[in-house]
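Below is one structure, written out as structure tokens; comments come after it.
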Amino acid sequence: MEGLDIDAVVREASSGVGDSKVQATQIIDQLRLEPERWSYGMKFFFESSEPMVRIFGLNLVRDFLMKVPVGTSESVQERQYIRETFLSYIKQTYEACTEEVYIVNNVANVMALVIKHDFPEVWPIAFDDLLSFGALGSAGVTVAVRVLAELDFEVVMFSESRTPDEIRHNSIVKDAMRPLMGTIVQFLTNSAFSEGIVGGQLSALCLNTLSELIGWVDITLTVNDQVLPQIYEAVLNCHDCASDESGHAEAACLCLLEIAKKGMDPVDKVKLLSSVDLVETLARIPFSKDTSNGLEEDLAAVVDVLFLELLGCWQVFESHMNLKANNADQVIAQIQPLSELREVGQLAGQQIKLVMPLIMKILTHSEGRVAATVVPSLNKFIQHMKQQAKYQPQNPDTANPLSVVASNYQDWFFVASDHLNELLAGIFQQLQYSEDFYELYSSTEDIEDDEDVAAEMEAKSQVRKLFVNCCRVYPAVCLEMIQSVFSSLPQPLYTAPFPVLEASLRMFHSFGECGPRNLKQELFPNLVAAIHSSEVYRHQHPLVLMIYYDMTQRYATLVPLDMVQNVVASLVSTQGLRSSDAQLRSRSAYFLRKIVETLRNDAGCLLASTVGSFSDLILTNTSTDDAPLTEQAEMHLLEAVGLMTSAPSAHGKPSQEQLSLLKNMLDILIAQLVEVTQLTEFDPEFIAEIAGRKLSSIAALSKGHSCPKNSAAPSDGSAELFYNATLSIVPMLHAFSPFKPARSKAIMCLHRIIQCVGIRATAPLAELLPSFIRHADVTDIEQPIQVLNQLMAEYGTADTDPSEFAQENLNALMEFLDGLCGLVLDRLGVVYNQIMEAIEEQKATGSVTNNWQEDDDDDSNEGGAQSSLQTEKASIQKLYVTFLQHIAVYGCHPILLSEANINRLPDIFGAITAALQGAGEDSQAAVAATLSVKRPALISLANLTMAWLAAGVTISLEVTGLLVSLLCDVAIPLSFRACSDGSIDVTDAVSQGYLGDIGHLVWAMATVKNKDTVMFLQESLLPSLGWPAEGIDELMAMLAAADKSTSPSHSGNTRVLSNFKDAFKALIRKLHGS
């Protein structure tokens, strides 16, 4: 490195470009690896005038010291040279105060590392040398205090990165420092309060460093007549120095906080806090409830910790009183005047009673972030209140010992509930927003970006939860308080000022979270009715309206219906959905849906309040940025309309008025969808996205409408409206099938259409689904298959319903599936093979090309790509066997054995085999075949086995051989091994279902007269698994009995199969000794 222009190198590495920057960076990296890097660092620091170079030099020295093992003699000469050079440098340089702060900080870190290595063994007078810097003036004090602060980080603080040797030597350093701590504390306090330093940033630095030491040094070093009064003075005079932003008073607060939370025995702690008048001193601080200069939050933190500590001491005292004994005389006897228990309790109780006004003052501070500081201690306070409430004797004739003791010692005995009303009043005051808050809130695009708004909302949320906790302990008291608050407001309530009315409504709304039992109190329904009779919906403030609507939807079942109708009418007026306030419009749509949903049976009656109020909202709500309703709000609104138009009217069916509204809404949405398809000037993907929103709206409108399973379509007309709407939109949907967003929304819409129109949905589905399935990839292939599974679940069980209509539905379903089954299986096979090819490519090259799915995001994380591949592989595998399961379970299995699909059976058997065996050779990356995959595979195989002889078509011996091989070589051996080797918990509910599926497969084998397979079980497999002879005989007897009782009809076998599965599970449990 001779002749190296280090200044030029560092400049180039920092701000250069191109090859010169690369070369400079390489030189820097090489220097960091040099064994003699410390000497280069010293040279760079002391010889260069460039700040960046000097800092780089210090970094090289620091890196060297951090790599040297602590507590050893390694590099001791180098450390001595570094130490002596920097000591000389500090004494010569800092007297002149010529160094920048960032240089001082870095030098302090190097000196701290040297002390960490060499004290006390090599450098026993390290702290004498360090504290001597104070004679150099403020610059010397600064570097000394910085070193002490760095030592706290390097030696005292815990860090998981420290080695065992480092931890042991740090303990040696701390032990050697303890005798010196009196001198160190004196240096810090004398410096902090010396003339020319006190009140400034250096004073704050001294006190901050002192606060970090308090936790592990003798408490008497700070709590004495010399140090503590000066700290008190700094806090008491905080308003004289707060404006210079020095942090002096805040640092003094930190010292008090550390004193308050000092780890001590509770008896010693309460005696200490009482003796130093800490509470009394805090009470003397000029603390404004309406303004904040930044110190109020620090003072609040001290009060919070102090209250928690005192409460903890009181709880220790209370635990020794044996209040649960319910004997007041025994309790009083324990706290006679001369007892130590009495002394501790008296001190703790007096101190808590003194600190309670401070807590309440902070709770009612105008800034929420200040008030939120004491919420943790108040939650502990409420928990203690709950504990004290448990001391009430069960026998009403027995005196409550807590009350007796409290009445005898009122001057000091602390009863938490005595402060409940005061706490509730503070909560009510803190819950009130400022008059201008909503203006700030509504003008903030992202709440998280505005720290003040976010902090205020978070504070209100914490205080609200505090109120809920109070309600859970004393619900009657809280409800009476709410009633008194409402009674004190101007009447009618809609004339009350925004802050107090909104806070009152929020408290009443929150009361519902304290449990349904408390809502049955006599006062509660009366309050609900009184509030709703006061026309709050006429208030002009959005926050009042939103909490009022929210309260209505929460208690809707308790509100008289005529009053709910008034609220609903308000929701669709300028007080809600037509408001100029976007937030109110959006929330009103949600509240409308929730109210209608809650009052489902009366939803039709609510329509009278809203008829004619929706069409214009939807007509103007085109999918543009300035639309009056967001996409989610439109969904909520249309779901509400769907519920109202599907609710039975007085004569049991939807009225003509309801059907007219439904038709009107459908016509508007379809017209908007047509309009979207004509937006040829826009990008097709953008058009598809807009179309997807309108399809979601149609799906939302169908909420509440349904076609009863296996019965004629309802004659109320709604099914016909939805069917015609579906026929109208199907041609348009073809154009959107290449685009995933629209494809996904269309599938969701079709899901709902099936519920509305029943089996007739197969006609438009048969036209649309093939295109959707061909375009689907691994991320959305599941959606069209879910539609098919839904249809099979709804209409594929004609065996349990012998009606002619049910059989017609099944026939229609079979015809529909016959044209789609092969397409689904082929597409799943293609997607699965693409995933497998990608996995093989990844194994071979270490990279992944996602060419089997639409690439929404550029994911360069190869580890994540590997995991994603395996997850997608398992997902497709499960989807395949689940589709087969639905076909098998719901009586549609003849489709798999039809001429169109018979040639696919080898692939089907392969998929079932893979599901049963698990997947992949690399156990770390591959996803194991779980029971959620194995179970549908077993059910599918069992039903295919049952259908084999009744297929009605010629099945080749080759395919039959594949089935037998699948049963005897894979399914049965794997299943019975799982039953025998303890790999599943036979008592677990999920595993019990799996055992039942194995029994189903065994039963299916017996019913098709497959004697070879049964003999394989009896003579080969089960003996090889260690089954006892009596267990094998019992299973064979069960199979013989099942064979005899098997019915020709599938429905007749249901009971037989169920009994066999129960018997099989019982046999396995017996073999396991369970």
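Residue numbering restarts at 1 for every chain of the structure tokens, chains are lettered A, B, ... in their displayed order, and ligands are numbered from 1 as they appear.
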Please identify all polymer residues within 9 Å of A:Pro560, counting only C-alpha atoms, omitting same-chain residues fewer than 5 positions from it, and present them as a ChimeraX atom specification. /A:529,532,565
Keeping only N, CA and C atoms, write the selected residues to a file as a CSV table (one decimal), in the first residue's frame.
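Resulting contents of part_38.csv:
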chain,number,residue,atom,x,y,z
A,529,ALA,N,-83.5,2.6,22.5
A,529,ALA,CA,-84.7,3.2,22.0
A,529,ALA,C,-84.6,4.7,22.1
A,532,HIS,N,-82.3,6.3,19.5
A,532,HIS,CA,-82.9,6.3,18.2
A,532,HIS,C,-84.1,7.1,18.0
A,565,GLN,N,-86.2,1.9,10.0
A,565,GLN,CA,-86.6,2.4,8.6
A,565,GLN,C,-86.1,3.9,8.5
Considering only C-alpha atoms, give me a table of residues in stretch 414-475 of chain A that are at most 12 Å from stretch 359-380 of chain A, with the closest atom pair and distance in Å for each, as a tab-separated table.
residue	atom	partner	partner_atom	distance
A:Ala416	CA	A:Leu378	CA	10.6
A:His419	CA	A:Met360	CA	9.9
A:Leu420	CA	A:Leu378	CA	10.8
A:Asn421	CA	A:Met360	CA	11.3
A:Glu422	CA	A:Met360	CA	7.7
A:Leu423	CA	A:Met360	CA	7.0
A:Leu424	CA	A:Met360	CA	10.0
A:Ala425	CA	A:Thr364	CA	9.0
A:Gly426	CA	A:Thr364	CA	5.5
A:Ile427	CA	A:Leu363	CA	7.2
A:Phe428	CA	A:Thr364	CA	8.8
A:Gln429	CA	A:Thr364	CA	6.1
A:Gln430	CA	A:Thr364	CA	5.3
A:Leu431	CA	A:Gly368	CA	8.9
A:Gln432	CA	A:Ser366	CA	9.3
A:Tyr433	CA	A:Ser366	CA	9.1
A:Ser434	CA	A:Ser366	CA	8.5
A:Glu435	CA	A:Ser366	CA	12.0
A:Phe437	CA	A:Glu367	CA	11.7
A:Glu451	CA	A:Arg369	CA	10.4
A:Asp452	CA	A:Arg369	CA	8.7
A:Val453	CA	A:Gly368	CA	9.7
A:Ala454	CA	A:Arg369	CA	9.7
A:Ala455	CA	A:Arg369	CA	5.9
A:Glu456	CA	A:Gly368	CA	5.0
A:Met457	CA	A:Gly368	CA	8.0
A:Glu458	CA	A:Gly368	CA	8.1
A:Ala459	CA	A:Gly368	CA	5.1
A:Lys460	CA	A:Gly368	CA	6.8
A:Ser461	CA	A:Ala372	CA	9.4
A:Gln462	CA	A:Ala372	CA	6.9
A:Val463	CA	A:Val375	CA	6.9
A:Arg464	CA	A:Val375	CA	10.2
A:Lys465	CA	A:Asn379	CA	9.2
A:Leu466	CA	A:Asn379	CA	6.5
A:Phe467	CA	A:Asn379	CA	9.6
A:Val468	CA	A:Asn379	CA	10.5
A:Asn469	CA	A:Asn379	CA	7.7
A:Cys470	CA	A:Asn379	CA	8.9
A:Val473	CA	A:Asn379	CA	11.7
If you run DSSP over the backbone, which residues in stretch 444-600 of chain A end up helix (DSSP H, G or I)? Put them as a PyMOL selection string. chain A and resi 447-449+451-473+475-488+493-495+498-514+516-520+523-532+536-538+542-554+556-558+561-571+582-598+600
Please, could you write that set of residues out with C-alpha atoms as a tab-separated table (two decimals), in the first residue's frame?
chain	number	residue	atom	x	y	z
A	447	ILE	CA	-53.38	7.94	7.39
A	448	GLU	CA	-50.04	6.28	8.10
A	449	ASP	CA	-48.24	9.13	6.33
A	451	GLU	CA	-48.04	10.92	12.10
A	452	ASP	CA	-50.27	13.29	14.08
A	453	VAL	CA	-53.52	11.90	12.69
A	454	ALA	CA	-52.32	8.31	13.01
A	455	ALA	CA	-51.17	8.87	16.61
A	456	GLU	CA	-54.46	10.49	17.57
A	457	MET	CA	-56.51	7.64	16.10
A	458	GLU	CA	-54.32	5.01	17.74
A	459	ALA	CA	-54.63	6.79	21.09
A	460	LYS	CA	-58.42	6.93	20.80
A	461	SER	CA	-58.45	3.23	19.93
A	462	GLN	CA	-56.41	2.35	23.03
A	463	VAL	CA	-58.60	4.47	25.30
A	464	ARG	CA	-61.74	2.93	23.82
A	465	LYS	CA	-60.40	-0.56	24.65
A	466	LEU	CA	-59.73	0.73	28.15
A	467	PHE	CA	-63.42	1.59	28.42
A	468	VAL	CA	-64.44	-1.87	27.20
A	469	ASN	CA	-62.28	-3.42	29.92
A	470	CYS	CA	-64.07	-1.27	32.50
A	471	CYS	CA	-67.42	-2.42	31.14
A	472	ARG	CA	-66.44	-6.04	31.54
A	473	VAL	CA	-65.73	-5.54	35.24
A	475	PRO	CA	-71.07	-3.09	33.36
A	476	ALA	CA	-73.88	-1.57	35.41
A	477	VAL	CA	-71.77	1.38	36.56
A	478	CYS	CA	-70.53	2.03	33.04
A	479	LEU	CA	-74.05	1.87	31.60
A	480	GLU	CA	-75.30	4.34	34.19
A	481	MET	CA	-72.42	6.63	33.31
A	482	ILE	CA	-73.38	6.44	29.61
A	483	GLN	CA	-76.96	7.28	30.48
A	484	SER	CA	-75.90	10.29	32.54
A	485	VAL	CA	-73.70	11.52	29.68
A	486	PHE	CA	-76.56	11.34	27.17
A	487	SER	CA	-78.90	13.02	29.67
A	488	SER	CA	-76.46	15.92	29.99
A	493	LEU	CA	-79.36	14.70	20.33
A	494	TYR	CA	-78.85	15.81	16.75
A	495	THR	CA	-78.35	19.34	18.10
A	498	PHE	CA	-69.85	16.91	17.51
A	499	PRO	CA	-67.06	16.01	20.00
A	500	VAL	CA	-69.24	15.08	22.97
A	501	LEU	CA	-71.97	13.37	20.93
A	502	GLU	CA	-69.53	11.29	18.90
A	503	ALA	CA	-67.67	10.21	22.07
A	504	SER	CA	-70.98	9.34	23.79
A	505	LEU	CA	-72.12	7.23	20.86
A	506	ARG	CA	-68.71	5.55	20.65
A	507	MET	CA	-68.87	4.55	24.31
A	508	PHE	CA	-72.36	3.14	23.88
A	509	HIS	CA	-71.27	1.30	20.73
A	510	SER	CA	-68.25	-0.13	22.58
A	511	PHE	CA	-70.41	-1.32	25.46
A	512	GLY	CA	-71.62	-4.13	23.19
A	513	GLU	CA	-68.14	-5.70	23.33
A	514	CYS	CA	-68.39	-6.53	27.03
A	516	PRO	CA	-74.13	-10.44	25.36
A	517	ARG	CA	-75.16	-11.08	28.97
A	518	ASN	CA	-74.65	-7.41	29.82
A	519	LEU	CA	-76.89	-6.30	26.95
A	520	LYS	CA	-79.85	-7.84	28.77
A	523	LEU	CA	-81.41	-0.03	31.19
A	524	PHE	CA	-79.75	-1.04	27.93
A	525	PRO	CA	-82.74	-1.50	25.56
A	526	ASN	CA	-84.28	1.66	26.97
A	527	LEU	CA	-81.14	3.58	26.05
A	528	VAL	CA	-81.15	2.07	22.56
A	529	ALA	CA	-84.70	3.22	21.98
A	530	ALA	CA	-84.08	6.67	23.51
A	531	ILE	CA	-81.06	7.35	21.31
A	532	HIS	CA	-82.89	6.29	18.15
A	536	VAL	CA	-79.29	11.55	15.50
A	537	TYR	CA	-79.29	10.83	11.76
A	538	ARG	CA	-80.05	14.53	11.21
A	542	PRO	CA	-69.71	12.67	9.24
A	543	LEU	CA	-68.04	11.08	12.28
A	544	VAL	CA	-71.26	11.33	14.30
A	545	LEU	CA	-73.25	9.77	11.50
A	546	MET	CA	-70.76	6.94	10.97
A	547	ILE	CA	-70.64	5.90	14.63
A	548	TYR	CA	-74.43	6.25	14.86
A	549	TYR	CA	-74.99	3.99	11.85
A	550	ASP	CA	-72.42	1.55	13.21
A	551	MET	CA	-74.22	1.49	16.55
A	552	THR	CA	-77.55	0.87	14.78
A	553	GLN	CA	-76.22	-2.12	12.87
A	554	ARG	CA	-74.69	-3.55	16.07
A	556	ALA	CA	-80.41	-3.53	15.13
A	557	THR	CA	-82.42	-6.35	16.70
A	558	LEU	CA	-83.15	-4.13	19.72
A	561	LEU	CA	-88.45	-1.45	13.15
A	562	ASP	CA	-89.96	1.95	12.36
A	563	MET	CA	-86.83	3.60	13.79
A	564	VAL	CA	-84.59	1.31	11.73
A	565	GLN	CA	-86.55	2.41	8.65
A	566	ASN	CA	-85.73	6.02	9.50
A	567	VAL	CA	-82.04	5.14	9.75
A	568	VAL	CA	-82.14	3.25	6.43
A	569	ALA	CA	-83.83	6.21	4.77
A	570	SER	CA	-81.06	8.43	6.12
A	571	LEU	CA	-78.39	6.03	4.86
A	582	ALA	CA	-66.44	10.15	0.32
A	583	GLN	CA	-65.70	8.38	3.60
A	584	LEU	CA	-69.31	8.69	4.75
A	585	ARG	CA	-70.61	7.40	1.40
A	586	SER	CA	-68.38	4.35	1.52
A	587	ARG	CA	-69.15	3.51	5.16
A	588	SER	CA	-72.88	4.06	4.64
A	589	ALA	CA	-72.98	1.32	2.00
A	590	TYR	CA	-71.37	-1.08	4.47
A	591	PHE	CA	-73.69	-0.14	7.33
A	592	LEU	CA	-76.74	-0.51	5.09
A	593	ARG	CA	-75.70	-4.05	4.17
A	594	LYS	CA	-75.03	-4.95	7.81
A	595	ILE	CA	-78.42	-3.63	8.98
A	596	VAL	CA	-80.28	-5.48	6.22
A	597	GLU	CA	-78.26	-8.61	6.93
A	598	THR	CA	-79.03	-8.45	10.65
A	600	ARG	CA	-82.90	-10.52	7.28
For A:Phe317, find every residue with an atom within 7 Å (counting only C-alpha atoms), except residues of its own chain fewer than 5 positions away, and show them as a ChimeraX atom specification. /A:341,344-345
Give me the residues within 10 Å of stretch 64-68 of chain A as number ranges by chain, counting only C-alpha atoms and dropping any in the same chain fewer than 5 places off. A: 32-39, 41, 58-59, 73-76, 78-79, 82, 110, 113-114, 116-117
Keeping only N, CA and C atoms, write the selected residues as a PDB file, in the first residue's frame.
ATOM      1  N   ARG A  32      -9.407  -3.528   4.360  1.00  0.00           N
ATOM      2  CA  ARG A  32     -10.143  -4.067   5.509  1.00  0.00           C
ATOM      3  C   ARG A  32      -9.678  -5.471   5.877  1.00  0.00           C
ATOM      4  N   LEU A  33      -9.052  -6.184   4.939  1.00  0.00           N
ATOM      5  CA  LEU A  33      -8.595  -7.553   5.181  1.00  0.00           C
ATOM      6  C   LEU A  33      -7.132  -7.614   5.624  1.00  0.00           C
ATOM      7  N   GLU A  34      -6.447  -6.488   5.552  1.00  0.00           N
ATOM      8  CA  GLU A  34      -5.026  -6.480   5.889  1.00  0.00           C
ATOM      9  C   GLU A  34      -4.811  -6.748   7.383  1.00  0.00           C
ATOM     10  N   PRO A  35      -3.853  -7.626   7.747  1.00  0.00           N
ATOM     11  CA  PRO A  35      -3.561  -7.860   9.172  1.00  0.00           C
ATOM     12  C   PRO A  35      -3.134  -6.578   9.898  1.00  0.00           C
ATOM     13  N   GLU A  36      -2.447  -5.686   9.175  1.00  0.00           N
ATOM     14  CA  GLU A  36      -1.965  -4.444   9.770  1.00  0.00           C
ATOM     15  C   GLU A  36      -2.928  -3.286   9.526  1.00  0.00           C
ATOM     16  N   ARG A  37      -4.194  -3.604   9.325  1.00  0.00           N
ATOM     17  CA  ARG A  37      -5.155  -2.553   8.991  1.00  0.00           C
ATOM     18  C   ARG A  37      -5.227  -1.488  10.085  1.00  0.00           C
ATOM     19  N   TRP A  38      -4.989  -1.881  11.356  1.00  0.00           N
ATOM     20  CA  TRP A  38      -5.052  -0.897  12.430  1.00  0.00           C
ATOM     21  C   TRP A  38      -4.004   0.212  12.234  1.00  0.00           C
ATOM     22  N   SER A  39      -2.806  -0.195  11.758  1.00  0.00           N
ATOM     23  CA  SER A  39      -1.754   0.812  11.566  1.00  0.00           C
ATOM     24  C   SER A  39      -2.086   1.730  10.401  1.00  0.00           C
ATOM     25  N   GLY A  41      -5.109   2.447   9.611  1.00  0.00           N
ATOM     26  CA  GLY A  41      -6.164   3.286  10.155  1.00  0.00           C
ATOM     27  C   GLY A  41      -5.622   4.438  10.971  1.00  0.00           C
ATOM     28  N   LEU A  58     -10.578   5.420  11.426  1.00  0.00           N
ATOM     29  CA  LEU A  58     -11.141   4.972  12.701  1.00  0.00           C
ATOM     30  C   LEU A  58     -11.904   3.659  12.543  1.00  0.00           C
ATOM     31  N   ASN A  59     -12.582   3.491  11.421  1.00  0.00           N
ATOM     32  CA  ASN A  59     -13.303   2.237  11.174  1.00  0.00           C
ATOM     33  C   ASN A  59     -12.342   1.052  11.082  1.00  0.00           C
ATOM     34  N   SER A  73      -4.183 -11.884  25.757  1.00  0.00           N
ATOM     35  CA  SER A  73      -3.003 -11.037  25.539  1.00  0.00           C
ATOM     36  C   SER A  73      -2.709 -10.836  24.067  1.00  0.00           C
ATOM     37  N   GLU A  74      -3.581 -11.309  23.218  1.00  0.00           N
ATOM     38  CA  GLU A  74      -3.361 -11.172  21.780  1.00  0.00           C
ATOM     39  C   GLU A  74      -3.361  -9.694  21.384  1.00  0.00           C
ATOM     40  N   SER A  75      -2.352  -9.308  20.612  1.00  0.00           N
ATOM     41  CA  SER A  75      -2.220  -7.935  20.091  1.00  0.00           C
ATOM     42  C   SER A  75      -2.151  -6.910  21.211  1.00  0.00           C
ATOM     43  N   VAL A  76      -1.617  -7.279  22.370  1.00  0.00           N
ATOM     44  CA  VAL A  76      -1.596  -6.351  23.497  1.00  0.00           C
ATOM     45  C   VAL A  76      -0.729  -5.131  23.195  1.00  0.00           C
ATOM     46  N   GLU A  78      -0.183  -3.777  20.202  1.00  0.00           N
ATOM     47  CA  GLU A  78      -0.922  -2.918  19.282  1.00  0.00           C
ATOM     48  C   GLU A  78      -1.978  -2.115  20.040  1.00  0.00           C
ATOM     49  N   ARG A  79      -2.664  -2.768  20.981  1.00  0.00           N
ATOM     50  CA  ARG A  79      -3.686  -2.066  21.759  1.00  0.00           C
ATOM     51  C   ARG A  79      -3.049  -0.958  22.609  1.00  0.00           C
ATOM     52  N   ILE A  82      -2.329   1.986  20.393  1.00  0.00           N
ATOM     53  CA  ILE A  82      -3.582   2.692  20.072  1.00  0.00           C
ATOM     54  C   ILE A  82      -4.019   3.520  21.278  1.00  0.00           C
ATOM     55  N   VAL A 110     -13.812   3.944  19.799  1.00  0.00           N
ATOM     56  CA  VAL A 110     -12.521   3.254  19.790  1.00  0.00           C
ATOM     57  C   VAL A 110     -11.973   3.153  21.215  1.00  0.00           C
ATOM     58  N   LEU A 113     -13.732   0.487  23.233  1.00  0.00           N
ATOM     59  CA  LEU A 113     -13.291  -0.860  22.880  1.00  0.00           C
ATOM     60  C   LEU A 113     -11.945  -1.184  23.527  1.00  0.00           C
ATOM     61  N   VAL A 114     -11.075  -0.178  23.606  1.00  0.00           N
ATOM     62  CA  VAL A 114      -9.776  -0.408  24.254  1.00  0.00           C
ATOM     63  C   VAL A 114      -9.979  -0.706  25.736  1.00  0.00           C
ATOM     64  N   LYS A 116     -12.667  -1.935  27.120  1.00  0.00           N
ATOM     65  CA  LYS A 116     -13.305  -3.250  27.184  1.00  0.00           C
ATOM     66  C   LYS A 116     -12.265  -4.362  27.135  1.00  0.00           C
ATOM     67  N   HIS A 117     -11.210  -4.186  26.343  1.00  0.00           N
ATOM     68  CA  HIS A 117     -10.153  -5.184  26.227  1.00  0.00           C
ATOM     69  C   HIS A 117      -9.202  -5.163  27.424  1.00  0.00           C
TER      70      HIS A 117
END
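By only C-alpha atoms, and with residues fewer than 4 positions from A:Asp129 along its chain excluded, the set lying at most 9 Å from it is A:Leu87, A:Ile125, A:Phe133.
For stretch 120-123 of chain A, the list of residues within 8 Å, based on only C-alpha atoms and with local chain neighbours fewer than 2 positions off taken out, reads Ile115, Asp118, Ile125, Ala126, Val173 and Ala176 of chain A.
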Write out, as a Markdown table, each residue of stretch 669-777 of chain A that has an atom at most 12 Å from stretch 627-646 of chain A, together with the closest pair of atoms and their distance in Å to one decimal, counting only C-alpha atoms, rows going by chain and rising number.
| residue | atom | partner | partner_atom | distance |
| --- | --- | --- | --- | --- |
| A:Leu669 | CA | A:Leu638 | CA | 10.5 |
| A:Glu689 | CA | A:Glu631 | CA | 11.7 |
| A:Ile690 | CA | A:Glu631 | CA | 10.0 |
| A:Ala691 | CA | A:Glu631 | CA | 11.8 |
| A:Gly692 | CA | A:Glu631 | CA | 10.5 |
| A:Arg693 | CA | A:Glu631 | CA | 6.9 |
| A:Lys694 | CA | A:Glu631 | CA | 8.9 |
| A:Leu695 | CA | A:Met635 | CA | 10.2 |
| A:Ser696 | CA | A:Met635 | CA | 7.2 |
| A:Ser697 | CA | A:Met635 | CA | 5.5 |
| A:Ile698 | CA | A:Leu638 | CA | 8.0 |
| A:Ala699 | CA | A:Glu639 | CA | 8.4 |
| A:Ala700 | CA | A:Glu639 | CA | 4.8 |
| A:Leu701 | CA | A:Gly642 | CA | 4.6 |
| A:Ser702 | CA | A:Gly642 | CA | 5.4 |
| A:Lys703 | CA | A:Gly642 | CA | 5.0 |
| A:Gly704 | CA | A:Leu643 | CA | 4.9 |
| A:His705 | CA | A:Ser646 | CA | 5.5 |
| A:Ser706 | CA | A:Ser646 | CA | 8.6 |
| A:Cys707 | CA | A:Ser646 | CA | 11.2 |
| A:Pro714 | CA | A:Ser646 | CA | 11.4 |
| A:Asp716 | CA | A:Ser646 | CA | 9.2 |
| A:Gly717 | CA | A:Ser646 | CA | 10.4 |
| A:Ser718 | CA | A:Ser646 | CA | 7.9 |
| A:Ala719 | CA | A:Ser646 | CA | 10.5 |
| A:Phe722 | CA | A:Gly642 | CA | 11.5 |
| A:Arg752 | CA | A:Gly642 | CA | 11.7 |
| A:Cys756 | CA | A:Ser646 | CA | 10.5 |
Using atom CA of A:Gln315 and atom CA of A:Tyr391 as the two end points, give the distance in Å to one decimal. 13.8 Å
